[in-house]
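Chemist: Please find one structure pasted underneath; my questions will follow.
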There are 2 protein chains.
Amino acid sequence: MEPKEISQAVISRLPRYFRYLGELKDEGVERISSQELSTLMKVTASQIRQDFNNFGGFGQQGYGYNVQYLYSEIGKLLGLDKTHHLIIIGAGNLGQALANYINFERRGFIFEGIFDQNATLHGKKIRDMEVQPMENLERFVKENDIDIAVLTIPKGGAVKVAEKLVQYGIKAIWNFAHVDLNVPEGIQVENVHLSESLMKLSYNLRES
Amino acid sequence: MEPKEISQAVISRLPRYFRYLGELKDEGVERISSQELSTLMKVTASQIRQDFNNFGGFGQQGYGYNVQYLYSEIGKLLGLDKTHHLIIIGAGNLGQALANYINFERRGFIFEGIFDQNATLHGKKIRDMEVQPMENLERFVKENDIDIAVLTIPKGGAVKVAEKLVQYGIKAIWNFAHVDLNVPEGIQVENVHLSESLMKLSYNLRES
């Protein structure tokens with residue numbers, strides 16, 4: 001076996017398992033077989049077993065998996081047993097929408113600050129945060145133990161802002177800017193390119 | 001060869017090719033080899049050639065691809081030579097952010113209407129659209145030749161709303177609700193599960 005390099009495709013599927021297991025747990029289901037989970041999630045049972053085997057298999061015994069245990073283990077893998085401190089760069093519509101999205105906080109993703117270079121936005125309250133100028137960024141990141149930055153600015157400035165964020169100590173960037181960031185090895189980037197998602201839908205619509 | 005079933009993984013990569021080719025075109029680059037494109041995009045040249053071979057290869061001859069031709073062909077594949085008519089269901093922060101995102105229109109995705117079940121929002125202007133009650137949905141979809149619905153409502157109501165949309169003739173759903181929709185074969189769904197994307201980032205941050 002190779003030394004535990006788990007593919008991003010497998011990792012991409014973990015949150016969906018987590019969601020289904022959370023729903024099963026809320027419904028009071030205690031155990032579930034890979035076959036039942038397969039039917040529910042519309043993926044093959046063999047895919048489920050293969051995915052879980054990347055993490056030691058989660059101890060399926062006798063009749064299937066313990067739902068509570070599996071939910072909690074996958075949650076830990078996803079880092080949901082820890083609190084994350086986030087800032088948003090870009091207080092436009094999308095930045096404001098994300099700041100107001102309450103469900104992230106339930107999972108331990110706490111928005112601590114929001115920044116914009118547009119002076120007319122400075123001081124504007126978004127939830128309980130005042131929009132701050134970019135000049136505050138470095139000090140704020142360092143003083144507030146920020147680990148994730150959310151980039152909701154136009155593509156033009158995004159690459160440079162990402163470089164600065166890395167200098168200031170940010171370890172992970174959730175990137176909504178429609179550009180590929182150029183960050184050093186070890187810095188995590190997760191892209192949400194909305195227009196690319198819409199184009200993929202449009203492709204499939206054209207084909208159908 | 002099998003009858004032209006192109007994997008969703010390949011399709012997912014098309015918009016990124018389209019983006020890079022658009023930038024090359026804007027910079028006045030006329031031809032590019034798969035090797036140069038590979039360096040620029042940080043994917044292997046063989047992946048690029050394999051991806052393009054799904055669509056007949058786009059006529060690479062002599063020194064590489066014709067940028068303008070490749071850009072335009074991929075654009076057509078993505079349905080960007082046509083105009084799409086969209087509605088947004090859910091006039092909350094995210095729905096409003098998407099409605100205000102001007103770049104979609106440049107690509108031919110035109111927002112025609114926005115709907116919400118919350119009566120206090122009805123009549124509120126978002127760009128040039130008034131938020132409409134859900135009761136208007138059926139007539140509006142049929143009269144305005146709507147082909148794509150954007151779902152930005154909480155997961156609770158999303159499955160039922162999607163079923164209605166399909167009844168009314170919608171062929172494609174861009175789904176931001178954090179739930180898997182249950183639609184008939186032939187209806188296209190593209191999910192944007194923001195919290196799952198954030199969890200994936202969190203997983204990678206924990207591992208790094």
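Chain labels run A, B, ... following the order of the structure tokens; each chain numbers its residues from 1, and ligands are numbered from 1 in the order shown.
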Contacts from chain A to chain B, 8 Å maximum, only C-alpha atoms: show me the residue list as a ChimeraX atom specification.
Modeler: /A:11-12,14-16,77-80,93-94,96-98,100,104,171-174,186-190,192,195-206,208
Chemist: Which parts of segment 39-195 of chain B does DSSP call strand (DSSP E or B) when run on the backbone here, written out as a ChimeraX atom specification?
Modeler: /B:65-66,84-89,109-115,125-126,129-132,148-151,172-175,188-191
Chemist: Interatomic distance between atom CA of Arg106 of chain B and atom CA of Glu130 of chain B?
Modeler: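 Here the two named atoms are 21.4 Å from each other.
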Chemist: Taking 6 positions as the minimum chain separation for residues in the same chain, which residues sit within 8 Å of Met134 of chain B when counting only C-alpha atoms? Answer as a VMD selection string.
Modeler: chain B and resid 115 to 117
Chemist: Output N, CA and C atoms of each residue in that selection to a file, as a PDB file, in the first residue's frame.
Modeler:
ATOM      1  N   PHE B 115     -38.179  34.696  -7.599  1.00  0.00           N
ATOM      2  CA  PHE B 115     -39.378  34.267  -6.875  1.00  0.00           C
ATOM      3  C   PHE B 115     -39.032  33.934  -5.430  1.00  0.00           C
ATOM      4  N   ASP B 116     -40.005  34.170  -4.544  1.00  0.00           N
ATOM      5  CA  ASP B 116     -39.809  33.774  -3.158  1.00  0.00           C
ATOM      6  C   ASP B 116     -41.181  33.560  -2.533  1.00  0.00           C
ATOM      7  N   GLN B 117     -41.232  32.641  -1.567  1.00  0.00           N
ATOM      8  CA  GLN B 117     -42.526  32.422  -0.923  1.00  0.00           C
ATOM      9  C   GLN B 117     -42.772  33.428   0.195  1.00  0.00           C
TER      10      GLN B 117
END
Chemist: Name the residues in contact with segment 86-88 of chain B at a cut-off of 6 Å, using only C-alpha atoms, excluding same-chain residues fewer than 2 positions from it; report them as a list of chain:residue names.
Modeler: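 Final neighbour list, sorted by chain and number: B:Ile110, B:Phe111, B:Glu112, B:Gly113, B:Ile114, B:Ile146, B:Ile148, B:Ala149, B:Val150.
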Chemist: Would you work out the distance separating atom CA of Pro184 of chain A from atom CA of Ala158 of chain A, expressed in Å to one decimal?
Modeler: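 Atom-to-atom, atom CA of Pro184 of chain A to atom CA of Ala158 of chain A, that is 15.2 Å.
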